[in-house]
Structures are given as structure tokens and as C-alpha cells.
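Before any comments, here is the structure.
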Amino acid sequence: MTRRFGSVTAVDDVSFEIERGSVAGFLGPNGAGKTTAMRMLAGVLEPTSGAAFIHGFDVLQQAREAHQVLGWLPDGAPACEELRVDEYLRFRGGLYGGIPRQRYEQVCGQCGLLDVRRRLVGQLSRGYRQRVALAAAIVPDPVAIILDEPGTGLDPIQQLAFRSLVQELAQERAILLSTHQVGEAMAMCDELLVIVGGKLLAQGPINSLRQSDTSQAAFVEVKDIDVLRVLGGVDGVQSVRVKELANGWFQATCDCTSDIRAAVHDAITAAGGHLRELRYAGTSTEEWLRGLLEETQA
């Protein structure tokens, strides 16, 4: 799919497939094109070019059929605050032509809403309102679910409960979950779609994404030098990411393909710098992803 707004290309030739039984994380910074892509999948926006299919149904040409098998939780978990929980769920179910009564009971049980069914949606906590919005999305028992930034605003306990619920739902469904938090993606997803500037930079199972990258890293804490200039000039250094610490110290991550500690030490000494830490290791998947996003944003 591609989507342009005038001269701006928000989504640039993005293509992927998600199977039932998996949670795919749409990972990227704010403004990367995640929400635009999901709106095209949901049929809210029409692609400038390309097509989207849900369970084999063309989202534009077979919109009714596609909507019947898709559950969508937009960013912000919108719901009718003046309705009670059970009233709102019956309203949402009615949009699909009627849902068996036992289905509402099942969904409330799955989403932990049995004790608040008669309360007004607007009187619930952020965590419970998120559950209500998710319950509304799955009332018609969809085969695919789209979740746009579902963890926003949840406290740590609510996040754990919500992650468990999403993983339970994924056992029989295909789920696309967008986030700009690497940690959330790592905790909830089986595979990742890394998007920046409307383009997919990487996609696949989390472990295979990291294994496809052969770089290692030297981790340095240093002060009193021009970090980017000195470390960037060391033979074997492919890229340098710098974070400022307290009291004039800087933390640098130098991507490399071999052990460069001796060369880094010599370069810092020659430049008159002070070295507090120097270690060499393979980067974790999470470190690699953070580095990828930081580099592309820079």
C-alpha cells in the first residue's frame, strides 16, 4: 500500500502478511506512518495505490465482508461515555446485525468486565475503558484485530493484564499492534514490522531480525573529547550513537564487526580524553532495534 497527502508520502509501498495465531508489532516513532497504514487496512482511508485484504476480502471492493471479520481499536480507546458497559457492547454488536446474548457474557468474561457491566463507561478508569474498547472490537468474534497504541496511558499493572489478554486473543486470530515503544513490542509481539518515514526498514520474527544483522558493539563511557569525531574516526567503527550523562560524561555505542577496544582506547588516550568504561559485546535484539530507530530519526 502507498498513501500520499499532496506532496507528502505517508506510507510508501508497504507490504506485509499476518497469519492467525500471531501478534505482529508495528514499531516506529510517532509520525512514521503506522496509523495511516492501519486506517487503510480498516477501510477508513483509501490507498493512493495498492490494496489491502482481510481474510481474503478486499477492504475496498468487499468492504462489508472485510468489516465483518475485523476488530479495530483506534488510538485513545474511544467509547460512548454516557452508556453503561453492557449497553455500549449491545450497541456495537447491533452494528453487525445482532450478536447472541451468550457472546456478550463471553466477551465480558474475557476482558474482565463482569463486575463493571452496569457502570457508565465514562466513570471507569483508563485501564477499564481500554478493556471496554477492546471488548467492543471483539464482540463480533473477528479473525483479525488492529490495535493502535493500546498501551498508552496504562500503568504497569494494567499493561501486564492487557498484554496477557492480547496474547490470549491471538491464539485464534491475527493481531496487528502499533507502538513506538521498543519494550512494549518486545513483550507483546511474535514478529515486527519496523517502519520509519513511511517505509518498512525490517520485518520478520523478532529473533530472525536480530540474527540477520551481524554487527557487534563497543560500549564506551568517556568525557573531555569530541565523542563523535574521535570514535567515528576509529577503523572498524560503522556508526556511533551518543547519549549525554551527568557531570560531563557521555555514553557511546559504537557498532562494529570486530573487537575494537584497543583501537578505541588508543584514540581516546591520544585525544586527551578520560575513559570510565569500555566493553565489547553482541547487542541484544532490543538494543539493536533502539539503535536502528535512533539512526533513522537522526
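Residue names in the C-alpha cells use chain letters A, B, ... in the order shown, residue numbers from 1 in each chain, and ligand numbers from 1 in the order shown.
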
Residues near A:Glu82, cut-off 10 Å, only C-alpha atoms, skip fewer than 4 positions along chain, as a PyMOL selection string: chain A and resi 87-88+119-123

Every residue of stretch 69-253 of chain A that DSSP places in strand (DSSP E), as an NGL selection string: :A and (70-73 or 144-148 or 174-179 or 191-196 or 199-205 or 216-223 or 237-244 or 250-253)

Go ahead and write the selection's residues with C-alpha atoms as a PDB file, in the first residue's frame.
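This went into selection-v6.pdb:
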ATOM      1  CA  LEU A  70     -12.112  -7.223  11.506  1.00  0.00           C
ATOM      2  CA  GLY A  71     -11.957  -5.768  15.011  1.00  0.00           C
ATOM      3  CA  TRP A  72     -10.375  -2.317  15.349  1.00  0.00           C
ATOM      4  CA  LEU A  73      -9.244  -0.496  18.486  1.00  0.00           C
ATOM      5  CA  ALA A 144      -8.215 -10.163  12.707  1.00  0.00           C
ATOM      6  CA  ILE A 145      -7.721  -7.319  15.183  1.00  0.00           C
ATOM      7  CA  ILE A 146      -5.946  -3.969  14.751  1.00  0.00           C
ATOM      8  CA  LEU A 147      -4.750  -2.234  17.931  1.00  0.00           C
ATOM      9  CA  ASP A 148      -3.435   1.327  17.641  1.00  0.00           C
ATOM     10  CA  ALA A 174      -4.190 -12.376  13.573  1.00  0.00           C
ATOM     11  CA  ILE A 175      -3.348  -9.213  15.508  1.00  0.00           C
ATOM     12  CA  LEU A 176      -1.569  -6.066  14.308  1.00  0.00           C
ATOM     13  CA  LEU A 177      -0.446  -3.877  17.203  1.00  0.00           C
ATOM     14  CA  SER A 178       1.165  -0.487  16.707  1.00  0.00           C
ATOM     15  CA  THR A 179       3.572   1.067  19.202  1.00  0.00           C
ATOM     16  CA  GLU A 191       7.133 -10.592  14.817  1.00  0.00           C
ATOM     17  CA  LEU A 192       7.896  -6.979  13.994  1.00  0.00           C
ATOM     18  CA  LEU A 193       7.295  -4.518  11.174  1.00  0.00           C
ATOM     19  CA  VAL A 194       9.762  -1.657  11.700  1.00  0.00           C
ATOM     20  CA  ILE A 195       8.538   1.469   9.910  1.00  0.00           C
ATOM     21  CA  VAL A 196      10.166   4.907   9.700  1.00  0.00           C
ATOM     22  CA  LYS A 199       8.962   2.822   4.698  1.00  0.00           C
ATOM     23  CA  LEU A 200       9.391  -0.649   6.157  1.00  0.00           C
ATOM     24  CA  LEU A 201      13.014  -0.962   7.271  1.00  0.00           C
ATOM     25  CA  ALA A 202      12.759  -4.529   8.578  1.00  0.00           C
ATOM     26  CA  GLN A 203      10.154  -7.222   9.085  1.00  0.00           C
ATOM     27  CA  GLY A 204      10.021 -10.769  10.353  1.00  0.00           C
ATOM     28  CA  PRO A 205      10.134 -12.788  13.600  1.00  0.00           C
ATOM     29  CA  GLN A 216      28.645  -6.127  17.353  1.00  0.00           C
ATOM     30  CA  ALA A 217      29.127  -3.116  19.573  1.00  0.00           C
ATOM     31  CA  ALA A 218      31.670  -1.442  21.843  1.00  0.00           C
ATOM     32  CA  PHE A 219      30.121   0.407  24.781  1.00  0.00           C
ATOM     33  CA  VAL A 220      32.101   3.410  25.997  1.00  0.00           C
ATOM     34  CA  GLU A 221      31.742   5.977  28.776  1.00  0.00           C
ATOM     35  CA  VAL A 222      34.070   8.924  28.186  1.00  0.00           C
ATOM     36  CA  LYS A 223      34.479  12.668  28.684  1.00  0.00           C
ATOM     37  CA  VAL A 237      33.572   1.634  13.608  1.00  0.00           C
ATOM     38  CA  GLN A 238      30.481   1.630  11.388  1.00  0.00           C
ATOM     39  CA  SER A 239      28.347   4.105  13.358  1.00  0.00           C
ATOM     40  CA  VAL A 240      28.289   5.865  16.722  1.00  0.00           C
ATOM     41  CA  ARG A 241      25.300   6.682  18.934  1.00  0.00           C
ATOM     42  CA  VAL A 242      25.870   9.090  21.820  1.00  0.00           C
ATOM     43  CA  LYS A 243      23.890   9.787  24.995  1.00  0.00           C
ATOM     44  CA  GLU A 244      24.802  12.558  27.422  1.00  0.00           C
ATOM     45  CA  PHE A 250      28.978  10.649  27.565  1.00  0.00           C
ATOM     46  CA  GLN A 251      27.846   7.104  26.793  1.00  0.00           C
ATOM     47  CA  ALA A 252      28.654   5.949  23.257  1.00  0.00           C
ATOM     48  CA  THR A 253      27.635   2.804  21.418  1.00  0.00           C
TER      49      THR A 253
END

Contacts of stretch 259-271 of chain A within 7 Å, only C-alpha atoms, excl. fewer than 5 positions in-chain, as a ChimeraX atom specification: /A:218,225,230-231,234,236,278,280

Go ahead and write the residues just picked, C-alpha atoms, as a PDB file, in the first residue's frame.
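Output (again-v8.pdb):
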ATOM      1  CA  ALA A 218      31.670  -1.442  21.843  1.00  0.00           C
ATOM      2  CA  ILE A 225      36.681  14.671  23.891  1.00  0.00           C
ATOM      3  CA  VAL A 230      37.152  10.725  17.828  1.00  0.00           C
ATOM      4  CA  LEU A 231      35.212   7.450  17.947  1.00  0.00           C
ATOM      5  CA  VAL A 234      38.422   4.643  14.609  1.00  0.00           C
ATOM      6  CA  GLY A 236      36.226  -0.684  12.159  1.00  0.00           C
ATOM      7  CA  LEU A 278      34.930   0.167  27.717  1.00  0.00           C
ATOM      8  CA  TYR A 280      32.581  -5.219  23.831  1.00  0.00           C
TER       9      TYR A 280
END

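Minimum distance to A:Thr152 across A:Tyr104, A:Gly112, A:Leu165, A:Asp75 (counting only C-alpha atoms) occurs at A:Asp75.
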
6 Å contact set for stretch 29-35 of chain A, only C-alpha atoms, chain neighbours under 5 positions out, as a VMD selection string: chain A and resid 10 to 11 180 196 to 198

Separation of atom CA of A:Gln68 from atom CA of A:Leu154 in Å: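 Straight-line distance from atom CA of A:Leu154 to atom CA of A:Gln68 works out to 28.8 Å.
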
Of the listed residues A:Leu60, A:Ala24, A:Val182, A:Leu89, that which approaches A:Arg118 most closely, counting only C-alpha atoms: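 Of A:Leu60, A:Ala24, A:Val182, A:Leu89, the one nearest A:Arg118, counting only C-alpha atoms, is A:Leu89.
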
Distance query A:Val143 at most 10 Å, only C-alpha atoms, self and fewer than 3 positions along chain excluded, as a list in words: Glu19, Arg20, Gly21, Ile54, His55, Gln68, Val69, Leu70, Gly71, Ile138, Pro140, Leu169, Ala170, Glu172, Arg173, Ala174 and Ile175 of chain A

Shell around A:Leu95 at 12 Å using only C-alpha atoms, local window under 2 positions removed, as a PyMOL selection string: chain A and resi 64+67-68+88-93+97-99+136-137+139-140

Residue list (alpha helix (DSSP H), DSSP) for stretch 14-214 of chain A, as a PyMOL selection string: chain A and resi 34-41+63-68+85-94+101-110+126-138+156-169+182-188+206-211

Distance of atom CA of A:Pro142 from atom CA of A:Phe53, expressed in Å to one decimal place: 14.0 Å

A:Ala79, A:Cys111, A:Met186, A:Met1 ranked by distance to A:Ala161, top pick (using only C-alpha atoms):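 Result for the nearest residue to A:Ala161: A:Cys111.
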
Shell of 10 Å around A:Glu105, only C-alpha atoms, local chain residues under 6 positions omitted, as a VMD selection string: chain A and resid 86 113 to 114 117 139

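Our summary of the geometry notes that atom CA of A:Gln181 is positioned 21.3 Å from atom CA of A:Pro78.
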